[in-house]
Amino acid sequence: MMDAGGDTTGERMTREENGSQADKPRRRPQNWWELPDRELQPPRPAGASNDPGTPSPRSGGLSGESGETRVRNQISGSVVHGNVIQGGVVHIHPNPVQGGNSTGGGRHLGKPIGQWDPHDLEVHPAGTGRIEQGRLDRRQVRVMPGYVRRAHDRELDNAVRDATEGHSRMTVLVGSSSTGKTRACWEAIQPLAGQGWTLWHPFDPTRAEAALADLDRIGPRTVVWLNEAQHYLGDARHGERIAAALHGLLTDPGRGPVLVLGTLWPEYAGQYTDLPQPGGSDLHSRVRELLAGRLLTVPEAFDRHALDAVRVLARGGDRLLADALTRALDTGRLAQDLAGAPELLHRYEQAGPASRALLEAAMDARRLGVGLHLPRAFLADAAVDYLADHDWDQLADNWAEAAFADLARPVHGKQAPLRRVNARAGSRPPGAPAPTPTPRPDEGLVFRLADYLEHHGRATRGRICPPASFWHAAHTHLTHPDDLNALAEAALHRYRYRWAHHLRRRVAEVGDPELLVRLAKQRSLGPRDVKTFYQAAADAGHPDAAFELARDRELHGDREGAEALYRQAADSGRPRALTDLARLRLKAGDQEGSEALYREAAATGDPDALIDMAAMQNPVRLTETAEALIRQAADAGHFRALVHLAKERERFGDWKGVEALYRRAVDNGDIAALLGLARLQNDHGELTGAAEAIYRVAAEAGYPEGLSFVSEERELAGDQEGAEAHAWRAVNANEAYVFCLFELVRTRQLTGDGANAERLARQTANAGHPFVLSFLAGQREKAGDLEDAERLYREAAVHERTGLFDVARMRDRVRDLESANHLYQQAADAGSTRALARLALIREFVGDGEGAEDFARQAADAGSPDTLVKLAESREQAGDLEGAERLYREAADTGTALSTSAPDRWPHGLDPDGTPTPPWR
């Protein structure tokens, strides 16, 4: 991206302009606290000593140099790491060895931190290069400005310090494009350079494949560099396995210490950490668990203290910072400015019609889910309908070549609005297998949109549905299944049913079996598409597809067809299908054949088959044969079978021996079995030992449920300190257990201990959970203490956008409408989409329809398009059907769900231009 911290890299592209102006009209085809003492940290070359008195190898020490201040140019390869005022001498650091990742000979993966060029780690140049005087080769030297440390840098320091003390840590910086995330990571690891640490940046043949292939080979004292972590954790095929491998690396003491650093945009962080909808697929469960407690926010802008520090460096000679201050002092968005974002935005806004059309087609493709690399042919054809008729008629024959060449010209920071991407040949040791080709469409030249413009497109084009030429070009030129499916989903969510259908058909034509199965499991597909995808995958030998088809056949009474498909699934690599086949045989009365299939499944490594086989013995009594089968499963390493057996004994009222079964499960590593034992003690009181003691053992083992129980017990006993300590441990183990803290606050408020309730709510808010403080404010409001409620709401507003909104709602409820309206506006200015929605409805109520639509569109642009739906519903109820229809279509263009009336409103969907589609199936 474009920040000084950077997020990605780009490639250069030049293209000759040729051709002449068309002589006649062309026919359009159809279709961002105080900073510590280290706040001013001049940059240093990677791997350099932190001791400013370290003499140069050529200086003979510092004697004779007192009182003389010189400028030390720190040069690493062709990179100058800022202009640093240093008492001493001129240190010239020669070009370090730029070795590749070591993959053989028993050496660490990666290379010493001091041998890395930060720009090779995707720290973006902060300005244009300059010719360094005295260099014989006259190469351009890339410069990084001085570095100003902020709050997130202190948190990164803590992670680095823990790593130096032998503890493995992982931190992922979350921030918008060009906010300095990658530069912060680079500065944080500099203390490790002098301690012999290496850095590994997996990227070849693809980031995800490289990470998955070699994470198990990472040794101690290694920094794992996962810039733009969505390319690792969000990979559709490998992301969950990479998360599991990282968890293993971080929790294995024998492999540490390691430091894992990554960066993410907020939208990706939200996508990976949000809980799935009930009944929906949980696509990122391991990633969500990995990221819990490991995300660190990087602010959008520099605050007043940071800007003061920037001024000091600027006055000290940092020309890059001095220049940036002239443009970004008011907004504090220095990182974005340094990375060239304003010039990129200027290039977009001032682009000619053809260039702007290409950029907007690229923006729409990226925001709707197409991959980083966009085929030239796709962009050229997609751009057609972005052009007005007059502009189209004025195009020269070589308009596309000229526009691509224009957009390839770099701006401040050597970044171009749209630049060509060159394929990188994979490097492997002799004898190693050939790398898997990167699955990108073979469309000749491919281009990458500048990250800042991508982010700008997401922020400003959310209410726009791409025109017909976009969808036609995607159907014609895109061949990567993930791209096609993403656009099919985008079309479906925008009620463009016809294009969703055709794009999904293309997925079935080009998709690999694994992807087809994944797509078939999406809830948005109709039954016919599901069967089409599963059948295509099953024909290609995918076991899961055959299994799902077998279930469908069984559901529809085709037992013979179901049995054949279950057998196909088992033979293709899903032995669990044998248990379903066994169940069918048992249902048909073939008990002998069923038992044989269960044993066959168990022999293939499915101990659950033994449990299923035990269940068929006697539905009302636990037989010796059934118990023997369950114990056999446990002896085979399936220790959860012991818990299953304990539950079976409990189900049949057999309490004897249940405690022994749970304890045996615990002895085999299943600490969670203690919770079952504690539950039984509470329910029946017949087992030895107190349930509280058992919960304490689970708590000591770090299980949140045990910690939660002990927290509640301590609170009831009057030990508030102990209750809070256990609740915080539960939250640290699993953030979902923040309800423990919430319950403590609620209990104290209800019992009249408002002071301690407020203290704990404030601590919880400071830890990132301000809703507890808002809840407490709501309780004070309900009790009629409006002054105290407003104080707490405003305190919560420091942490989240809802605080001022809650104050406004409180004023609204007591009919202080003028004050409420003013507060709603303040909350909206602070970023509250709920406030924008409320303002829209207020304007509608007072008859200001134009003002209502303006606020509704602002809310949609801020990520809350459902406000358009609410406004449309209001118009519809008032009888303004034409106004309602127009707003419904605007809402549809955003991709938001409308209501159950949508199928009746547009039974065949909408065309790209928003008009209802005629019957087409």
# chains A, B, ... in the order shown; residues from 1 in each chain; ligands from 1
$ residues_around --residues "A:Asp829" --least-positions-apart "5" --cutoff "12 Å" --atoms "only C-alpha atoms" --output "short mmCIF file (atom, residue, chain, number, x, y, z; two decimals) with all heavy atoms, in the first residue's frame"
data_model
loop_
_atom_site.label_atom_id
_atom_site.label_comp_id
_atom_site.auth_asym_id
_atom_site.auth_seq_id
_atom_site.Cartn_x
_atom_site.Cartn_y
_atom_site.Cartn_z
N ARG A 801 -17.66 4.33 19.48
CA ARG A 801 -18.47 5.38 18.87
C ARG A 801 -19.88 5.45 19.43
O ARG A 801 -20.60 6.42 19.21
CB ARG A 801 -18.55 5.13 17.35
CG ARG A 801 -17.19 5.22 16.66
CD ARG A 801 -17.29 4.73 15.23
NE ARG A 801 -16.01 4.86 14.54
CZ ARG A 801 -15.77 4.37 13.33
NH1 ARG A 801 -16.71 3.72 12.69
NH2 ARG A 801 -14.60 4.53 12.75
N THR A 802 -20.33 4.41 20.14
CA THR A 802 -21.72 4.38 20.58
C THR A 802 -21.98 5.28 21.76
O THR A 802 -23.13 5.60 22.05
CB THR A 802 -22.13 2.95 20.95
OG1 THR A 802 -21.31 2.51 22.05
CG2 THR A 802 -21.95 2.00 19.78
N LEU A 804 -21.53 8.60 22.59
CA LEU A 804 -22.28 9.82 22.32
C LEU A 804 -23.66 9.51 21.78
O LEU A 804 -24.64 10.22 22.07
CB LEU A 804 -21.51 10.70 21.34
CG LEU A 804 -20.32 11.47 21.91
CD1 LEU A 804 -19.57 12.18 20.79
CD2 LEU A 804 -20.77 12.46 22.97
N PHE A 805 -23.77 8.47 21.00
CA PHE A 805 -25.08 8.06 20.51
C PHE A 805 -26.00 7.72 21.66
O PHE A 805 -27.19 8.08 21.67
CB PHE A 805 -24.96 6.87 19.56
CG PHE A 805 -26.27 6.31 19.10
CD1 PHE A 805 -26.96 6.91 18.05
CD2 PHE A 805 -26.83 5.20 19.72
CE1 PHE A 805 -28.18 6.41 17.62
CE2 PHE A 805 -28.05 4.71 19.31
CZ PHE A 805 -28.72 5.30 18.25
N HIS A 822 -28.31 17.65 18.33
CA HIS A 822 -26.93 18.12 18.35
C HIS A 822 -25.98 16.98 18.69
O HIS A 822 -24.91 16.82 18.07
CB HIS A 822 -26.80 19.25 19.36
CG HIS A 822 -25.39 19.76 19.51
ND1 HIS A 822 -24.74 20.46 18.50
CD2 HIS A 822 -24.49 19.66 20.53
CE1 HIS A 822 -23.51 20.76 18.89
NE2 HIS A 822 -23.34 20.29 20.13
N LEU A 823 -26.37 16.15 19.65
CA LEU A 823 -25.50 15.03 20.06
C LEU A 823 -25.45 13.95 18.99
O LEU A 823 -24.41 13.32 18.78
CB LEU A 823 -26.00 14.45 21.39
CG LEU A 823 -25.70 15.30 22.62
CD1 LEU A 823 -26.53 14.84 23.80
CD2 LEU A 823 -24.21 15.24 22.95
N TYR A 824 -26.58 13.72 18.31
CA TYR A 824 -26.57 12.77 17.20
C TYR A 824 -25.56 13.22 16.15
O TYR A 824 -24.81 12.40 15.59
CB TYR A 824 -27.95 12.65 16.57
CG TYR A 824 -28.92 11.78 17.32
CD1 TYR A 824 -30.22 12.21 17.58
CD2 TYR A 824 -28.56 10.51 17.76
CE1 TYR A 824 -31.14 11.41 18.25
CE2 TYR A 824 -29.46 9.70 18.44
CZ TYR A 824 -30.75 10.15 18.68
OH TYR A 824 -31.64 9.36 19.35
N ARG A 834 -25.02 4.47 13.57
CA ARG A 834 -26.35 4.47 14.19
C ARG A 834 -26.87 5.90 14.31
O ARG A 834 -28.07 6.15 14.15
CB ARG A 834 -26.29 3.81 15.56
CG ARG A 834 -25.95 2.32 15.53
CD ARG A 834 -25.68 1.79 16.92
NE ARG A 834 -26.86 1.86 17.76
CZ ARG A 834 -26.82 1.79 19.10
NH1 ARG A 834 -25.66 1.70 19.72
NH2 ARG A 834 -27.93 1.84 19.80
N ALA A 835 -25.95 6.84 14.60
CA ALA A 835 -26.36 8.24 14.69
C ALA A 835 -26.79 8.76 13.32
O ALA A 835 -27.78 9.50 13.20
CB ALA A 835 -25.23 9.09 15.25
N LEU A 836 -26.07 8.38 12.28
CA LEU A 836 -26.46 8.78 10.93
C LEU A 836 -27.84 8.23 10.58
O LEU A 836 -28.67 8.92 9.99
CB LEU A 836 -25.42 8.29 9.93
CG LEU A 836 -24.08 9.03 9.91
CD1 LEU A 836 -23.05 8.24 9.09
CD2 LEU A 836 -24.24 10.44 9.35
N LEU A 839 -30.44 10.23 12.44
CA LEU A 839 -30.61 11.54 11.84
C LEU A 839 -31.42 11.45 10.55
O LEU A 839 -32.23 12.33 10.25
CB LEU A 839 -29.24 12.17 11.55
CG LEU A 839 -28.48 12.70 12.77
CD1 LEU A 839 -27.04 13.02 12.40
CD2 LEU A 839 -29.18 13.93 13.35
N PHE A 855 -28.38 11.73 4.72
CA PHE A 855 -27.86 11.02 5.90
C PHE A 855 -27.87 9.50 5.67
O PHE A 855 -26.95 8.80 6.11
CB PHE A 855 -28.68 11.37 7.14
CG PHE A 855 -28.27 12.66 7.79
CD1 PHE A 855 -29.15 13.72 7.88
CD2 PHE A 855 -27.00 12.80 8.31
CE1 PHE A 855 -28.78 14.91 8.48
CE2 PHE A 855 -26.61 13.99 8.92
CZ PHE A 855 -27.50 15.05 9.00
N GLN A 858 -24.90 8.68 3.62
CA GLN A 858 -23.69 8.75 4.45
C GLN A 858 -23.54 7.50 5.30
O GLN A 858 -22.45 6.95 5.45
CB GLN A 858 -23.74 9.99 5.36
CG GLN A 858 -23.57 11.31 4.65
CD GLN A 858 -23.57 12.46 5.65
OE1 GLN A 858 -22.84 12.43 6.65
NE2 GLN A 858 -24.38 13.48 5.38
N ALA A 859 -24.65 7.03 5.84
CA ALA A 859 -24.61 5.81 6.66
C ALA A 859 -24.20 4.61 5.81
O ALA A 859 -23.40 3.77 6.24
CB ALA A 859 -25.97 5.56 7.30
N ALA A 862 -20.63 4.63 5.17
CA ALA A 862 -19.89 4.31 6.40
C ALA A 862 -20.05 2.86 6.80
O ALA A 862 -19.54 2.45 7.84
CB ALA A 862 -20.33 5.22 7.54
#
$ select_by_dssp --residues "stretch 185-321 of chain A" --states "strand (DSSP E or B)" --output "list in words"
Thr198, Leu199, Trp200, Thr222, Val223, Val224, Trp225, Leu226, Val258, Leu259, Val260, Leu261, Gly262, Thr263, Leu264, Leu295, Leu296 and Thr297 of chain A
$ write_last_selection --atoms "N, CA, C and O atoms" --output "PDB file, in the first residue's frame"
ATOM      1  N   THR A 198      17.237 -14.361  13.118  1.00  0.00           N
ATOM      2  CA  THR A 198      17.004 -14.392  11.676  1.00  0.00           C
ATOM      3  C   THR A 198      15.558 -13.983  11.393  1.00  0.00           C
ATOM      4  O   THR A 198      14.710 -13.983  12.284  1.00  0.00           O
ATOM      5  N   LEU A 199      15.299 -13.653  10.156  1.00  0.00           N
ATOM      6  CA  LEU A 199      13.946 -13.302   9.731  1.00  0.00           C
ATOM      7  C   LEU A 199      13.575 -14.134   8.519  1.00  0.00           C
ATOM      8  O   LEU A 199      14.343 -14.225   7.562  1.00  0.00           O
ATOM      9  N   TRP A 200      12.397 -14.730   8.579  1.00  0.00           N
ATOM     10  CA  TRP A 200      11.890 -15.557   7.478  1.00  0.00           C
ATOM     11  C   TRP A 200      10.615 -14.940   6.933  1.00  0.00           C
ATOM     12  O   TRP A 200       9.670 -14.686   7.667  1.00  0.00           O
ATOM     13  N   THR A 222      13.793 -16.832  15.606  1.00  0.00           N
ATOM     14  CA  THR A 222      13.382 -16.496  14.248  1.00  0.00           C
ATOM     15  C   THR A 222      12.188 -15.557  14.293  1.00  0.00           C
ATOM     16  O   THR A 222      11.254 -15.781  15.066  1.00  0.00           O
ATOM     17  N   VAL A 223      12.241 -14.513  13.470  1.00  0.00           N
ATOM     18  CA  VAL A 223      11.087 -13.657  13.263  1.00  0.00           C
ATOM     19  C   VAL A 223      10.345 -14.174  12.030  1.00  0.00           C
ATOM     20  O   VAL A 223      10.929 -14.272  10.946  1.00  0.00           O
ATOM     21  N   VAL A 224       9.090 -14.549  12.196  1.00  0.00           N
ATOM     22  CA  VAL A 224       8.258 -14.981  11.079  1.00  0.00           C
ATOM     23  C   VAL A 224       7.480 -13.759  10.585  1.00  0.00           C
ATOM     24  O   VAL A 224       6.660 -13.197  11.305  1.00  0.00           O
ATOM     25  N   TRP A 225       7.747 -13.336   9.364  1.00  0.00           N
ATOM     26  CA  TRP A 225       7.236 -12.080   8.810  1.00  0.00           C
ATOM     27  C   TRP A 225       6.028 -12.356   7.932  1.00  0.00           C
ATOM     28  O   TRP A 225       6.140 -12.887   6.831  1.00  0.00           O
ATOM     29  N   LEU A 226       4.832 -12.019   8.428  1.00  0.00           N
ATOM     30  CA  LEU A 226       3.594 -12.273   7.701  1.00  0.00           C
ATOM     31  C   LEU A 226       2.914 -10.952   7.344  1.00  0.00           C
ATOM     32  O   LEU A 226       1.787 -10.677   7.766  1.00  0.00           O
ATOM     33  N   VAL A 258      10.246 -17.709  19.295  1.00  0.00           N
ATOM     34  CA  VAL A 258      10.029 -17.145  17.971  1.00  0.00           C
ATOM     35  C   VAL A 258       9.134 -15.917  18.127  1.00  0.00           C
ATOM     36  O   VAL A 258       8.406 -15.783  19.119  1.00  0.00           O
ATOM     37  N   LEU A 259       9.190 -15.036  17.145  1.00  0.00           N
ATOM     38  CA  LEU A 259       8.343 -13.846  17.129  1.00  0.00           C
ATOM     39  C   LEU A 259       7.627 -13.805  15.787  1.00  0.00           C
ATOM     40  O   LEU A 259       8.265 -13.739  14.742  1.00  0.00           O
ATOM     41  N   VAL A 260       6.309 -13.887  15.829  1.00  0.00           N
ATOM     42  CA  VAL A 260       5.496 -13.843  14.618  1.00  0.00           C
ATOM     43  C   VAL A 260       4.861 -12.457  14.518  1.00  0.00           C
ATOM     44  O   VAL A 260       4.138 -12.037  15.423  1.00  0.00           O
ATOM     45  N   LEU A 261       5.156 -11.749  13.434  1.00  0.00           N
ATOM     46  CA  LEU A 261       4.604 -10.420  13.214  1.00  0.00           C
ATOM     47  C   LEU A 261       3.801 -10.403  11.914  1.00  0.00           C
ATOM     48  O   LEU A 261       4.236 -10.964  10.902  1.00  0.00           O
ATOM     49  N   GLY A 262       2.646  -9.777  11.966  1.00  0.00           N
ATOM     50  CA  GLY A 262       1.811  -9.691  10.774  1.00  0.00           C
ATOM     51  C   GLY A 262       1.075  -8.367  10.732  1.00  0.00           C
ATOM     52  O   GLY A 262       1.067  -7.590  11.690  1.00  0.00           O
ATOM     53  N   THR A 263       0.445  -8.103   9.597  1.00  0.00           N
ATOM     54  CA  THR A 263      -0.369  -6.897   9.423  1.00  0.00           C
ATOM     55  C   THR A 263      -1.678  -7.272   8.741  1.00  0.00           C
ATOM     56  O   THR A 263      -1.730  -8.233   7.970  1.00  0.00           O
ATOM     57  N   LEU A 264      -2.730  -6.529   9.046  1.00  0.00           N
ATOM     58  CA  LEU A 264      -4.042  -6.757   8.449  1.00  0.00           C
ATOM     59  C   LEU A 264      -4.786  -5.438   8.314  1.00  0.00           C
ATOM     60  O   LEU A 264      -4.635  -4.538   9.135  1.00  0.00           O
ATOM     61  N   LEU A 295      -4.184  -9.016  18.451  1.00  0.00           N
ATOM     62  CA  LEU A 295      -4.357  -7.926  17.510  1.00  0.00           C
ATOM     63  C   LEU A 295      -3.991  -6.601  18.165  1.00  0.00           C
ATOM     64  O   LEU A 295      -4.330  -6.348  19.318  1.00  0.00           O
ATOM     65  N   LEU A 296      -3.294  -5.747  17.424  1.00  0.00           N
ATOM     66  CA  LEU A 296      -2.833  -4.453  17.920  1.00  0.00           C
ATOM     67  C   LEU A 296      -3.199  -3.392  16.893  1.00  0.00           C
ATOM     68  O   LEU A 296      -2.783  -3.472  15.741  1.00  0.00           O
ATOM     69  N   THR A 297      -3.988  -2.413  17.321  1.00  0.00           N
ATOM     70  CA  THR A 297      -4.503  -1.399  16.399  1.00  0.00           C
ATOM     71  C   THR A 297      -3.482  -0.293  16.149  1.00  0.00           C
ATOM     72  O   THR A 297      -2.868   0.215  17.088  1.00  0.00           O
TER      73      THR A 297
END
$ closest_residue --among "A:Gln779, A:Glu300, A:Val411, A:Ala577" --to "A:Ala550" --atoms "only C-alpha atoms"
A:Ala577
$ residues_around --residues "A:Arg505" --least-positions-apart "2" --cutoff "10 Å" --atoms "only C-alpha atoms" --output "ChimeraX atom specification"
/A:475,484-485,488,499-503,507-511,529,532-533
$ residues_around --residues "A:Asp364" --least-positions-apart "4" --cutoff "8 Å" --atoms "only C-alpha atoms" --output "number ranges by chain"
A: 360, 368, 457-458, 461, 466
$ closest_residue --among "A:Glu844, A:Ala537, A:His493, A:Ala151" --to "A:His305" --atoms "only C-alpha atoms"
A:Ala151
$ residues_around --residues "A:Leu871" --least-positions-apart "3" --cutoff "12 Å" --atoms "only C-alpha atoms" --output "PyMOL selection string"
chain A and resi 836-845+849-857+859-860+865-868+874-878+880-881+883-888+890-891+898
$ atom_distance --atom1 "atom CA of A:Ala301" --atom2 "atom CA of A:Pro266"
14.9 Å
$ atom_distance --atom1 "atom CA of A:Ser469" --atom2 "atom CA of A:Ala383"
6.9 Å
$ atom_distance --atom1 "atom CA of A:Leu290" --atom2 "atom CA of A:Arg221"
20.4 Å
$ closest_atom_pairs --of "stretch 264-291 of chain A" --to "stretch 234-256 of chain A" --cutoff "12 Å" --atoms "only C-alpha atoms" --output "tab-separated table"
residue	atom	partner	partner_atom	distance
A:Leu264	CA	A:Gly234	CA	10.4
A:Trp265	CA	A:Gly234	CA	11.9
A:Glu267	CA	A:Gly234	CA	11.7
A:Tyr268	CA	A:Gly234	CA	8.1
A:Ala269	CA	A:Gly234	CA	9.8
A:Gly270	CA	A:Gly234	CA	11.7
A:Gln271	CA	A:Gly234	CA	9.1
A:Tyr272	CA	A:Gly234	CA	7.7
A:Thr273	CA	A:Gly234	CA	11.3
A:Asp282	CA	A:Glu240	CA	10.7
A:Leu283	CA	A:Glu240	CA	8.1
A:His284	CA	A:Glu240	CA	6.5
A:Ser285	CA	A:Glu240	CA	7.6
A:Arg286	CA	A:Glu240	CA	5.7
A:Val287	CA	A:Ala243	CA	5.3
A:Arg288	CA	A:Ala243	CA	8.8
A:Glu289	CA	A:Ala243	CA	8.6
A:Leu290	CA	A:Ala243	CA	6.4
A:Leu291	CA	A:Ala243	CA	8.9
$ residues_around --residues "A:Ala789" --least-positions-apart "3" --cutoff "10 Å" --atoms "only C-alpha atoms" --output "PyMOL selection string"
chain A and resi 773-786+792-795+806-807+810
$ decode --residues "stretch 848-867 of chain A" --atoms "N, CA, C and O atoms" --output "CSV table (one decimal), in the first residue's frame"
chain,number,residue,atom,x,y,z
A,848,ASP,N,-38.1,16.6,5.8
A,848,ASP,CA,-36.9,16.9,5.0
A,848,ASP,C,-36.4,15.6,4.3
A,848,ASP,O,-35.4,15.0,4.7
A,849,GLY,N,-37.1,15.3,3.2
A,849,GLY,CA,-36.8,14.0,2.5
A,849,GLY,C,-35.4,14.1,1.9
A,849,GLY,O,-34.7,13.0,1.9
A,850,GLU,N,-35.0,15.2,1.3
A,850,GLU,CA,-33.6,15.3,0.8
A,850,GLU,C,-32.6,15.1,1.8
A,850,GLU,O,-31.6,14.4,1.6
A,851,GLY,N,-32.7,15.8,3.0
A,851,GLY,CA,-31.8,15.6,4.1
A,851,GLY,C,-31.8,14.2,4.6
A,851,GLY,O,-30.7,13.7,5.0
A,852,ALA,N,-32.9,13.5,4.6
A,852,ALA,CA,-33.0,12.2,5.1
A,852,ALA,C,-32.2,11.2,4.2
A,852,ALA,O,-31.4,10.4,4.6
A,853,GLU,N,-32.3,11.4,2.9
A,853,GLU,CA,-31.6,10.6,1.9
A,853,GLU,C,-30.1,10.9,2.0
A,853,GLU,O,-29.3,9.9,1.9
A,854,ASP,N,-29.7,12.1,2.2
A,854,ASP,CA,-28.3,12.4,2.4
A,854,ASP,C,-27.7,11.7,3.6
A,854,ASP,O,-26.6,11.1,3.5
A,855,PHE,N,-28.4,11.7,4.7
A,855,PHE,CA,-27.9,11.0,5.9
A,855,PHE,C,-27.9,9.5,5.7
A,855,PHE,O,-27.0,8.8,6.1
A,856,ALA,N,-28.9,9.0,5.0
A,856,ALA,CA,-28.9,7.6,4.7
A,856,ALA,C,-27.8,7.1,3.9
A,856,ALA,O,-27.2,6.0,4.1
A,857,ARG,N,-27.5,7.9,2.9
A,857,ARG,CA,-26.3,7.6,2.0
A,857,ARG,C,-25.0,7.7,2.7
A,857,ARG,O,-24.1,6.9,2.5
A,858,GLN,N,-24.9,8.7,3.6
A,858,GLN,CA,-23.7,8.8,4.5
A,858,GLN,C,-23.5,7.5,5.3
A,858,GLN,O,-22.4,7.0,5.5
A,859,ALA,N,-24.7,7.0,5.8
A,859,ALA,CA,-24.6,5.8,6.7
A,859,ALA,C,-24.2,4.6,5.8
A,859,ALA,O,-23.4,3.8,6.2
A,860,ALA,N,-24.7,4.6,4.6
A,860,ALA,CA,-24.4,3.5,3.7
A,860,ALA,C,-22.9,3.5,3.4
A,860,ALA,O,-22.2,2.5,3.4
A,861,ASP,N,-22.4,4.7,3.1
A,861,ASP,CA,-21.0,4.8,2.8
A,861,ASP,C,-20.1,4.5,4.0
A,861,ASP,O,-18.9,4.0,3.8
A,862,ALA,N,-20.6,4.6,5.2
A,862,ALA,CA,-19.9,4.3,6.4
A,862,ALA,C,-20.1,2.9,6.8
A,862,ALA,O,-19.5,2.4,7.8
A,863,GLY,N,-20.8,2.1,6.0
A,863,GLY,CA,-20.9,0.6,6.3
A,863,GLY,C,-22.2,0.2,6.8
A,863,GLY,O,-22.3,-0.9,7.3
A,864,SER,N,-23.2,1.1,6.7
A,864,SER,CA,-24.6,0.7,7.2
A,864,SER,C,-25.6,0.9,6.2
A,864,SER,O,-26.5,1.8,6.3
A,865,PRO,N,-25.6,0.2,5.1
A,865,PRO,CA,-26.6,0.4,4.0
A,865,PRO,C,-28.0,0.1,4.4
A,865,PRO,O,-28.9,0.5,3.7
A,866,ASP,N,-28.2,-0.7,5.5
A,866,ASP,CA,-29.6,-1.0,5.9
A,866,ASP,C,-30.4,0.3,6.2
A,866,ASP,O,-31.6,0.2,6.2
A,867,THR,N,-29.7,1.4,6.4
A,867,THR,CA,-30.4,2.7,6.7
A,867,THR,C,-31.3,3.0,5.4
A,867,THR,O,-32.4,3.6,5.5
